[in-house]
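Q: The structure's right below; bear with me while I get my questions together.
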Amino acid sequence: MSTGKKELTHNGKKIVIEGDKPSAITIDDESIPVRFDDATGRYIATTHSPYTSFDNLADLAKHVADHVIGQRSN
Amino acid sequence: MIVRKNVIRLTAAEKAKYVNGVKALKANGNYNQLVKTHDDAMMHTTPNGSNAAHQGPAFLPWHREFILRLEKGIQQALGDPQFALPYWDWAADSALPNPATAPVWATDFMGGNGNPVTTGPFRNGQWTLFPSGNLVRQFGLNVGTLPTKADVAAALATTPYDAAPWNTGSNPSFRNRVEGWINGPQMHNRVHVWIGGSMLPMTSPNDPVFYLNHCNEDRLWAAWQCLNPNSYLPVTGGPSGHNLNDLMWPWNTATDKRRPANELDYPSLGYVYDIAAIRSAQFPNAYLRMDGTGVTGFVGPGAGTVNCQFGAGSWEKFLFVPQSDGSVAIGSLQFPGVFLRMDGTGVTGFTGPGGGQINCQFGAGAWEKFKLVPQGDGTVAIESVQFPNVFLRMDASNVTQFSGPGSGIVNCQFGAGAWEKFRLLPN
C-alpha cells in the first residue's frame with residue numbers, strides 16, 4: 001500500500017495526492033476536501049462533488065478538475 | 001391545503017410564480033441563506049460518515065423541511081398562500097429521446113444547458129450564485145442518463161426505510177436507494193450529476209431546479225409512506241440528528257426545533273401532490289374507484305359509479321385540482337372532466353351504514369369541492385365544502401380481490417372516524 005506523494009497533470013491542471021486516505025488533495029493549489037467512505041470503500045469529494053464517489057483518488061481528482069473547477073463560470 | 005403539481009402541468013402563470021418567487025428570495029437574501037444552510041449542513045458530519053442532511057436516515061425529512069422553507073418563503077414574498085412548489089418527474093423525462101428538451105428546461109421556466117446558462121430566467125446576467133459566479137449546467141457530461149421509471153419502481157418496492165449502518169452502505173434501504181448511493185450515482189444523486197455544473201458541489205441549491213428535484217424525491221417518499229405507514233427508522237441507535245426524535249441541525253435551537261418525527265405526516269405540513277390514488281386507512285389495499293362512463297355533461301343528480309377496488313389502476317387515480325377557496329376538486333384521471341360528487345343531504349348525524357350519495361359529475365361546482373383534513377397520523381379525511389362535517393366514507397369490508405366493476409360501498413358519514421380516513425398514494 002502506497003502512502004507517498006503522487007503528482008500528476010491532467011488537462012493542464014496539477015493534481016497532488018498525499019497518502020491513501022487523505023482529508024484533502026490539491027488541484028492547482030486549491031484544496032479539495034475528500035473522504036474515504038468506509039461503508040462503500042470509495043472516495044467522495046465532500047464539498048466539490050458530494051453526490052458521487054470514485055474507486056480511487058486519481059479518478060476523483062480528474063472529475064473535479066474537469067467538471068467542477070474546469071466548469072466554473074464567473 | 002396546497003397542491004404540488006408536476007412541472008408539465010404548470011400554466012405559464014404558475015411557472016412565472018416559481019421564477020418570480022425564487023428571484024424575490026434572492027433579492028431579500030433568503031435564497032442565499034438557504035444555499036448556505038445546505039452548504040453548512042454538509043460540513044456538519046457524524047462519526048459514521050453521514051452529515052446533517054445526507055448519507056443518513058434524515059436525508060428525506062431534512063429535505064422535506066428544507067424545501068418547505070423555500071415554499072413558505074415564496075408564499076410570503078409573493079403574498080400568495082396557495083403557492084405550491086412544483087415537482088420534476090425526471091424518470092418520465094429519462095424516456096424522452098432528448099431529456100434536454102423536456103418542458104422543465106423551457107425558456108420561460110428553468111432555461112437550458114450551458115456554461116454559463118444563456119437561456120431562461122436564470123441565464124448569465126440574470127442570476128448570480130452564492131457566493132459568486134453564474135449558473136452552469138452540463139447535461140449528461142458526467143452520467144449519460146437520468147434515473148428511469150424502473151429505478152423508481154425498484155425504490156418504492158424497497159423496505160425497510162433505512163438500515164444499519166445508517167449511511168451510504170445501508171442496503172436494503174429505501175432512503176439509501178432514493179438518495180442514490182447503492183450502485184451510485186442513482187436516483188437523487190444521479191439527477192445532480194446528470195445536470196452537472198452548479199448542481200455538483202454542496203452549494204447545489206444555487207440552481208433553482210434543485211428544489212424541483214427534491215420535491216420529486218419528497219413525492220416518492222410520500223408514495224412509499226402510503227404503502228409503509230409509520231415506519232421511519234431508526235428510532236434510536238443511528239447517528240446524531242438522524243434518529244426519529246433527534247433534533248435535526250440547524251433546526252436545533254430554542255426557537256426552531258425540527259425532528260424527523262415532525263416531518264412524517266406531510267398532509268399536516270399543508271400540502272399534497274396533484275395525482276394520487278385514495279387508499280383506505282381501514283381496509284388494506286382498498287382504493288376509491290370512479291367509473292365515469294357516460295358522464296359527458298352536467299346532470300343535476302350526478303351519474304356514474306364510485307365504489308372500491310382492490311389495488312390501484314387508472315380508474316383509481318385522481319387529479320387534485322386546487323380551488324380558489326383552498327379546497328380541492330377531485331377529478332378522474334381516466335375520465336377527463338369528471339369529478340367526485342357528494343350529496344350529503346340529510347346526513348346530519350352519525351349512522352353506522354353511512355348515508356347520502358357519492359357519484360360523479362361533469363365539471364366541478366359546489367358539491368364537487370372538498371377539504372382535505374389532516375388527521376394527524378398521515379391520513380386525511382375528505383370533507384364536503386357544501387355539507388360541512390360530512391365526510392367521504394368507505395366500507396371495503398368484502399373487498400379482498402380485484403373485480404372489474406369494483407365493489408364495496410362509498411357514501412357519506414357525519415364526522416370522521418376510521419372508515420373515513422385515507423392515505424394518498426402519489427402517482
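Chain labels follow the order of the C-alpha cells: the first chain is A, the next B, and so on; residue numbering restarts at 1 in every chain, and ligands are counted from 1 in their shown order.
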For a quick test of understanding: name the residues of chain B lying within 8 Å of chain A when counting only C-alpha atoms, and present them as an MDAnalysis selection string.
A: chainID B and resid 42 49 115:116 132:136 142 167:169 181 184:185 189:190 192:193 196:197 200:202
Q: Keeping N, CA and C atoms, export the residues of the selection given above as an mmCIF file, in the first residue's frame.
A:
data_model
loop_
_atom_site.group_PDB
_atom_site.id
_atom_site.type_symbol
_atom_site.label_atom_id
_atom_site.label_comp_id
_atom_site.auth_asym_id
_atom_site.auth_seq_id
_atom_site.Cartn_x
_atom_site.Cartn_y
_atom_site.Cartn_z
ATOM 1 N N MET B 42 -23.734 20.083 5.041
ATOM 2 C CA MET B 42 -22.826 19.052 4.537
ATOM 3 C C MET B 42 -21.528 18.997 5.344
ATOM 4 N N GLY B 49 -20.035 8.870 9.012
ATOM 5 C CA GLY B 49 -19.869 9.350 7.649
ATOM 6 C C GLY B 49 -21.026 10.185 7.138
ATOM 7 N N ASN B 115 -22.511 26.602 -20.233
ATOM 8 C CA ASN B 115 -21.510 27.161 -19.324
ATOM 9 C C ASN B 115 -21.069 28.525 -19.851
ATOM 10 N N PRO B 116 -21.678 29.590 -19.386
ATOM 11 C CA PRO B 116 -22.814 29.600 -18.454
ATOM 12 C C PRO B 116 -24.121 29.356 -19.185
ATOM 13 N N SER B 132 -20.566 33.402 -5.463
ATOM 14 C CA SER B 132 -20.311 34.176 -6.673
ATOM 15 C C SER B 132 -20.417 33.254 -7.881
ATOM 16 N N GLY B 133 -20.419 33.833 -9.052
ATOM 17 C CA GLY B 133 -20.417 33.041 -10.284
ATOM 18 C C GLY B 133 -21.781 33.001 -10.948
ATOM 19 N N ASN B 134 -21.782 32.405 -12.141
ATOM 20 C CA ASN B 134 -23.003 32.269 -12.919
ATOM 21 C C ASN B 134 -23.425 30.808 -12.991
ATOM 22 N N LEU B 135 -24.679 30.625 -13.306
ATOM 23 C CA LEU B 135 -25.239 29.278 -13.335
ATOM 24 C C LEU B 135 -24.648 28.463 -14.497
ATOM 25 N N VAL B 136 -24.251 27.230 -14.176
ATOM 26 C CA VAL B 136 -23.682 26.321 -15.175
ATOM 27 C C VAL B 136 -24.456 25.010 -15.138
ATOM 28 N N ASN B 142 -21.400 13.925 -17.075
ATOM 29 C CA ASN B 142 -20.818 13.029 -16.072
ATOM 30 C C ASN B 142 -21.477 11.657 -16.047
ATOM 31 N N ASN B 167 -25.917 4.684 6.676
ATOM 32 C CA ASN B 167 -25.087 5.598 5.878
ATOM 33 C C ASN B 167 -25.127 5.161 4.408
ATOM 34 N N THR B 168 -24.078 5.437 3.670
ATOM 35 C CA THR B 168 -24.055 5.089 2.243
ATOM 36 C C THR B 168 -24.037 3.574 2.013
ATOM 37 N N GLY B 169 -23.717 2.822 3.063
ATOM 38 C CA GLY B 169 -23.640 1.375 2.932
ATOM 39 C C GLY B 169 -24.929 0.656 3.275
ATOM 40 N N TRP B 181 -27.014 6.034 -3.352
ATOM 41 C CA TRP B 181 -25.657 5.529 -3.117
ATOM 42 C C TRP B 181 -25.491 4.068 -3.484
ATOM 43 N N GLY B 184 -24.232 3.633 -7.008
ATOM 44 C CA GLY B 184 -24.399 5.022 -7.403
ATOM 45 C C GLY B 184 -23.430 5.503 -8.470
ATOM 46 N N PRO B 185 -23.712 6.712 -8.986
ATOM 47 C CA PRO B 185 -24.821 7.559 -8.547
ATOM 48 C C PRO B 185 -26.142 7.166 -9.209
ATOM 49 N N ASN B 189 -28.957 11.352 -6.410
ATOM 50 C CA ASN B 189 -27.566 11.708 -6.721
ATOM 51 C C ASN B 189 -27.350 11.805 -8.226
ATOM 52 N N ARG B 190 -27.963 10.899 -8.954
ATOM 53 C CA ARG B 190 -27.763 10.860 -10.394
ATOM 54 C C ARG B 190 -28.330 12.112 -11.071
ATOM 55 N N HIS B 192 -28.450 15.126 -9.738
ATOM 56 C CA HIS B 192 -27.415 16.156 -9.533
ATOM 57 C C HIS B 192 -26.284 15.992 -10.549
ATOM 58 N N VAL B 193 -25.825 14.766 -10.684
ATOM 59 C CA VAL B 193 -24.644 14.518 -11.505
ATOM 60 C C VAL B 193 -24.975 14.665 -12.987
ATOM 61 N N GLY B 196 -25.094 18.327 -13.630
ATOM 62 C CA GLY B 196 -23.711 18.790 -13.562
ATOM 63 C C GLY B 196 -23.602 20.276 -13.258
ATOM 64 N N GLY B 197 -22.436 20.833 -13.519
ATOM 65 C CA GLY B 197 -22.211 22.259 -13.320
ATOM 66 C C GLY B 197 -22.488 22.691 -11.890
ATOM 67 N N LEU B 200 -23.333 20.162 -8.992
ATOM 68 C CA LEU B 200 -22.374 19.185 -8.477
ATOM 69 C C LEU B 200 -21.893 19.483 -7.054
ATOM 70 N N PRO B 201 -21.517 20.713 -6.734
ATOM 71 C CA PRO B 201 -20.966 20.946 -5.399
ATOM 72 C C PRO B 201 -22.041 21.078 -4.329
ATOM 73 N N MET B 202 -21.580 21.283 -3.098
ATOM 74 C CA MET B 202 -22.535 21.315 -1.984
ATOM 75 C C MET B 202 -23.371 22.587 -1.955
#
Q: Enumerate the residues of segment 310-383 of chain B with a DSSP assignment of strand (DSSP E), computed from the backbone, and present them as number ranges by chain.
A: B: 310, 317-322, 328-332, 338-343, 357-362, 369-374, 380-383
Q: Pick out the residues sitting within 12 Å of Ala364 of chain B, and hand them over as a CSV table (one decimal) with N, CA and C atoms, in the first residue's frame; count only C-alpha atoms, and ignore anything fewer than 4 positions along from it in its own chain.
A:
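Saved file around_9.csv follows:
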chain,number,residue,atom,x,y,z
B,297,GLY,N,-71.7,15.3,-19.6
B,297,GLY,CA,-72.3,16.6,-19.4
B,297,GLY,C,-72.9,16.7,-18.0
B,298,PHE,N,-73.1,17.9,-17.6
B,298,PHE,CA,-73.7,18.1,-16.2
B,298,PHE,C,-75.1,17.5,-16.1
B,299,VAL,N,-75.4,16.8,-15.1
B,299,VAL,CA,-76.8,16.4,-14.7
B,299,VAL,C,-76.9,16.6,-13.2
B,302,GLY,N,-76.1,14.0,-10.6
B,302,GLY,CA,-74.8,13.2,-10.9
B,302,GLY,C,-75.1,11.9,-11.6
B,320,PHE,N,-56.0,16.1,-8.1
B,320,PHE,CA,-56.5,17.1,-7.1
B,320,PHE,C,-56.3,18.5,-7.7
B,321,VAL,N,-57.5,19.1,-7.9
B,321,VAL,CA,-57.5,20.4,-8.6
B,321,VAL,C,-57.7,21.5,-7.6
B,322,PRO,N,-56.7,22.3,-7.3
B,322,PRO,CA,-56.9,23.4,-6.2
B,322,PRO,C,-58.0,24.4,-6.7
B,323,GLN,N,-58.8,24.8,-5.7
B,323,GLN,CA,-59.8,25.8,-5.9
B,323,GLN,C,-59.4,27.1,-5.2
B,327,SER,N,-60.0,24.8,-1.2
B,327,SER,CA,-60.5,23.4,-1.3
B,327,SER,C,-59.9,22.8,-2.5
B,328,VAL,N,-60.3,21.5,-2.8
B,328,VAL,CA,-59.9,20.8,-4.0
B,328,VAL,C,-61.1,20.2,-4.6
B,329,ALA,N,-61.0,20.1,-5.9
B,329,ALA,CA,-61.9,19.2,-6.7
B,329,ALA,C,-61.1,17.9,-7.0
B,330,ILE,N,-61.8,16.8,-7.0
B,330,ILE,CA,-61.1,15.5,-7.2
B,330,ILE,C,-61.6,14.9,-8.5
B,331,GLY,N,-60.8,15.1,-9.5
B,331,GLY,CA,-61.1,14.6,-10.8
B,331,GLY,C,-60.6,13.3,-11.2
B,332,SER,N,-61.3,12.5,-12.0
B,332,SER,CA,-60.8,11.2,-12.5
B,332,SER,C,-59.7,11.5,-13.5
B,336,PRO,N,-61.5,12.4,-18.2
B,336,PRO,CA,-61.2,13.8,-18.0
B,336,PRO,C,-62.5,14.6,-17.9
B,337,GLY,N,-62.5,15.6,-17.0
B,337,GLY,CA,-63.7,16.5,-16.8
B,337,GLY,C,-64.7,15.9,-15.8
B,338,VAL,N,-64.5,14.7,-15.3
B,338,VAL,CA,-65.4,14.0,-14.4
B,338,VAL,C,-64.9,14.1,-13.0
B,339,PHE,N,-65.7,14.6,-12.1
B,339,PHE,CA,-65.3,14.9,-10.7
B,339,PHE,C,-66.1,14.1,-9.7
B,340,LEU,N,-65.5,13.9,-8.6
B,340,LEU,CA,-66.2,13.3,-7.4
B,340,LEU,C,-67.3,14.2,-6.9
B,341,ARG,N,-68.5,13.7,-6.8
B,341,ARG,CA,-69.6,14.5,-6.3
B,341,ARG,C,-70.2,13.9,-5.0
B,342,MET,N,-70.5,14.8,-4.1
B,342,MET,CA,-71.0,14.3,-2.8
B,342,MET,C,-72.4,15.1,-2.6
B,360,CYS,N,-70.6,10.8,-9.6
B,360,CYS,CA,-69.7,11.6,-10.5
B,360,CYS,C,-70.5,12.8,-11.0
B,368,GLU,N,-68.9,19.5,-5.6
B,368,GLU,CA,-67.7,18.7,-6.0
B,368,GLU,C,-66.4,19.3,-5.4
B,369,LYS,N,-66.6,20.2,-4.4
B,369,LYS,CA,-65.4,20.7,-3.7
B,369,LYS,C,-65.3,20.1,-2.3
B,370,PHE,N,-64.0,19.8,-2.0
B,370,PHE,CA,-63.7,19.1,-0.7
B,370,PHE,C,-62.5,19.8,0.0
Q: At what distance in Å, to one decimal, does atom CA of Ala303 of chain B lie from atom CA of Gln361 of chain B?
A: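 About the pair atom CA of Gln361 of chain B and atom CA of Ala303 of chain B: they are 6.3 Å apart.
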Q: Calculate how many Å separate atom CA of Asn176 of chain B from atom CA of Pro57 of chain B, rounding to one decimal.
A: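 Computing the Euclidean distance for atom CA of Asn176 of chain B and atom CA of Pro57 of chain B yields 7.9 Å.
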Q: Would you mind listing what lies within 10 Å of segment 4-14 of chain A as a list in words, with only C-alpha atoms counted and same-chain residues fewer than 6 positions away left out?
A: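 Here the qualifying residues turn out to be Asp20, Thr26, Ile27, Asp28, Asp29, Glu30, Ala58, Ala61, Lys62, Ala65, Asp66, Ile69 and Gly70 of chain A.
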Q: Quick one: write out the picked residues with C-alpha atoms as an mmCIF file, in the first residue's frame?
A:
data_model
loop_
_atom_site.group_PDB
_atom_site.id
_atom_site.type_symbol
_atom_site.label_atom_id
_atom_site.label_comp_id
_atom_site.auth_asym_id
_atom_site.auth_seq_id
_atom_site.Cartn_x
_atom_site.Cartn_y
_atom_site.Cartn_z
ATOM 1 C CA ASP A 20 -4.035 6.680 0.684
ATOM 2 C CA THR A 26 -4.907 19.726 -4.189
ATOM 3 C CA ILE A 27 -5.669 20.758 -7.751
ATOM 4 C CA ASP A 28 -3.628 23.756 -8.920
ATOM 5 C CA ASP A 29 -3.024 24.518 -5.244
ATOM 6 C CA GLU A 30 -6.771 24.549 -4.432
ATOM 7 C CA ALA A 58 -6.927 9.971 -9.195
ATOM 8 C CA ALA A 61 -9.327 14.400 -8.916
ATOM 9 C CA LYS A 62 -9.812 14.217 -12.685
ATOM 10 C CA ALA A 65 -10.631 19.122 -12.291
ATOM 11 C CA ASP A 66 -12.729 18.686 -15.425
ATOM 12 C CA ILE A 69 -13.140 23.529 -11.285
ATOM 13 C CA GLY A 70 -12.991 23.425 -15.070
#
Q: Using backbone DSSP assignments, extract all alpha helix (DSSP H) residues from segment 91-255 of chain B; output them as number ranges by chain.
A: B: 91-94, 149-156, 174-179, 187-195, 209-227
Q: Compile the contact shell of Gln76 of chain B as a PyMOL selection string: residues with an atom at most 10 Å away, counting only C-alpha atoms, same-chain residues fewer than 4 positions apart removed.
A: chain B and resi 21+24-25+70-72+80-81+83
Q: Just to be explicit: take each residue in the selection above, keep N, CA and C atoms, and write the result as a PDB file, in the first residue's frame.
A:
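Listed below is the output, part38.pdb:
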ATOM      1  N   GLY B  21     -40.823  34.002  -7.565  1.00  0.00           N
ATOM      2  CA  GLY B  21     -40.662  33.715  -6.141  1.00  0.00           C
ATOM      3  C   GLY B  21     -39.207  33.527  -5.758  1.00  0.00           C
ATOM      4  N   ALA B  24     -37.437  36.774  -5.911  1.00  0.00           N
ATOM      5  CA  ALA B  24     -37.746  37.636  -4.758  1.00  0.00           C
ATOM      6  C   ALA B  24     -36.927  37.215  -3.544  1.00  0.00           C
ATOM      7  N   LEU B  25     -36.778  35.900  -3.357  1.00  0.00           N
ATOM      8  CA  LEU B  25     -35.972  35.420  -2.233  1.00  0.00           C
ATOM      9  C   LEU B  25     -34.489  35.719  -2.455  1.00  0.00           C
ATOM     10  N   LEU B  70     -38.388  26.984   1.604  1.00  0.00           N
ATOM     11  CA  LEU B  70     -38.410  27.752   0.361  1.00  0.00           C
ATOM     12  C   LEU B  70     -39.852  28.036  -0.048  1.00  0.00           C
ATOM     13  N   GLU B  71     -40.696  27.018   0.036  1.00  0.00           N
ATOM     14  CA  GLU B  71     -42.100  27.174  -0.376  1.00  0.00           C
ATOM     15  C   GLU B  71     -42.797  28.255   0.455  1.00  0.00           C
ATOM     16  N   LYS B  72     -42.599  28.210   1.741  1.00  0.00           N
ATOM     17  CA  LYS B  72     -43.227  29.223   2.607  1.00  0.00           C
ATOM     18  C   LYS B  72     -42.633  30.603   2.346  1.00  0.00           C
ATOM     19  N   ASP B  80     -48.903  35.071  -1.613  1.00  0.00           N
ATOM     20  CA  ASP B  80     -49.793  34.064  -2.182  1.00  0.00           C
ATOM     21  C   ASP B  80     -49.705  32.777  -1.355  1.00  0.00           C
ATOM     22  N   PRO B  81     -50.607  32.606  -0.388  1.00  0.00           N
ATOM     23  CA  PRO B  81     -50.531  31.423   0.469  1.00  0.00           C
ATOM     24  C   PRO B  81     -50.847  30.120  -0.253  1.00  0.00           C
ATOM     25  N   PHE B  83     -49.427  29.335  -3.165  1.00  0.00           N
ATOM     26  CA  PHE B  83     -48.288  28.925  -3.995  1.00  0.00           C
ATOM     27  C   PHE B  83     -47.816  27.544  -3.542  1.00  0.00           C
TER      28      PHE B  83
END
Q: Please report the interatomic distance between atom CA of Pro260 of chain B and atom CA of Ile74 of chain B in Å with one decimal.
A: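 Distance reported for this atom pair: 23.4 Å.
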Q: May I have the residues within 9 Å of segment 125-129 of chain B as a PyMOL selection string, using only C-alpha atoms and disregarding those fewer than 4 positions away in the same chain?
A: chain B and resi 23+26+32+118+120-121+133-135+198+203+206-207
Q: Convert the current residue selection to file output with N, CA and C atoms, as a JSON list (two decimals), in the first residue's frame.
A:
[["chain", "number", "residue", "atom", "x", "y", "z"],
["B", 23, "LYS", "N", -36.65, 34.56, -7.35],
["B", 23, "LYS", "CA", -35.93, 35.82, -7.57],
["B", 23, "LYS", "C", -36.22, 36.82, -6.44],
["B", 26, "LYS", "N", -34.06, 35.67, -3.70],
["B", 26, "LYS", "CA", -32.66, 36.06, -4.00],
["B", 26, "LYS", "C", -32.46, 37.52, -3.62],
["B", 32, "ASN", "N", -30.05, 32.98, -0.73],
["B", 32, "ASN", "CA", -28.64, 32.70, -0.44],
["B", 32, "ASN", "C", -28.48, 32.05, 0.93],
["B", 118, "THR", "N", -27.35, 30.32, -20.87],
["B", 118, "THR", "CA", -27.62, 31.55, -21.62],
["B", 118, "THR", "C", -29.09, 31.69, -22.01],
["B", 120, "GLY", "N", -33.35, 31.42, -20.61],
["B", 120, "GLY", "CA", -34.26, 31.35, -19.48],
["B", 120, "GLY", "C", -34.01, 32.41, -18.44],
["B", 121, "PRO", "N", -34.83, 32.40, -17.40],
["B", 121, "PRO", "CA", -34.80, 33.47, -16.40],
["B", 121, "PRO", "C", -33.54, 33.48, -15.53],
["B", 133, "GLY", "N", -20.42, 33.83, -9.05],
["B", 133, "GLY", "CA", -20.42, 33.04, -10.28],
["B", 133, "GLY", "C", -21.78, 33.00, -10.95],
["B", 134, "ASN", "N", -21.78, 32.40, -12.14],
["B", 134, "ASN", "CA", -23.00, 32.27, -12.92],
["B", 134, "ASN", "C", -23.43, 30.81, -12.99],
["B", 135, "LEU", "N", -24.68, 30.63, -13.31],
["B", 135, "LEU", "CA", -25.24, 29.28, -13.34],
["B", 135, "LEU", "C", -24.65, 28.46, -14.50],
["B", 198, "SER", "N", -23.39, 23.62, -11.72],
["B", 198, "SER", "CA", -23.69, 24.17, -10.40],
["B", 198, "SER", "C", -24.41, 23.18, -9.50],
["B", 203, "THR", "N", -23.06, 23.53, -2.81],
["B", 203, "THR", "CA", -23.89, 24.72, -2.97],
["B", 203, "THR", "C", -24.96, 24.51, -4.04],
["B", 206, "ASN", "N", -28.03, 26.51, -5.40],
["B", 206, "ASN", "CA", -27.87, 27.67, -6.27],
["B", 206, "ASN", "C", -28.69, 27.55, -7.55],
["B", 207, "ASP", "N", -28.87, 26.32, -8.02],
["B", 207, "ASP", "CA", -29.69, 26.12, -9.21],
["B", 207, "ASP", "C", -31.14, 25.90, -8.76]]
Q: Any idea what's packed within 8 Å of Ile25 of chain A, counting only C-alpha atoms, ignoring anything in its chain fewer than 6 positions away? Could you give it as a CSV table (one decimal) with C-alpha atoms, in the first residue's frame?
A:
chain,number,residue,atom,x,y,z
A,15,ILE,CA,-3.0,17.3,-9.0
A,16,VAL,CA,-1.3,16.4,-5.8
A,17,ILE,CA,-2.4,13.4,-3.7
A,18,GLU,CA,-0.6,12.6,-0.5
A,31,SER,CA,-7.5,22.3,-1.5
A,32,ILE,CA,-10.2,19.7,-2.3
A,33,PRO,CA,-11.6,18.0,0.8
A,34,VAL,CA,-12.0,14.3,0.4
A,61,ALA,CA,-9.3,14.4,-8.9
Q: Of the candidates B:His214, B:Lys5, B:Arg64, B:Arg279, which shows the shortest atom-to-atom distance to Pro86 of chain B, using only C-alpha atoms?
A: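 Comparing B:His214, B:Lys5, B:Arg64, B:Arg279 against Pro86 of chain B, the winner is B:Lys5.
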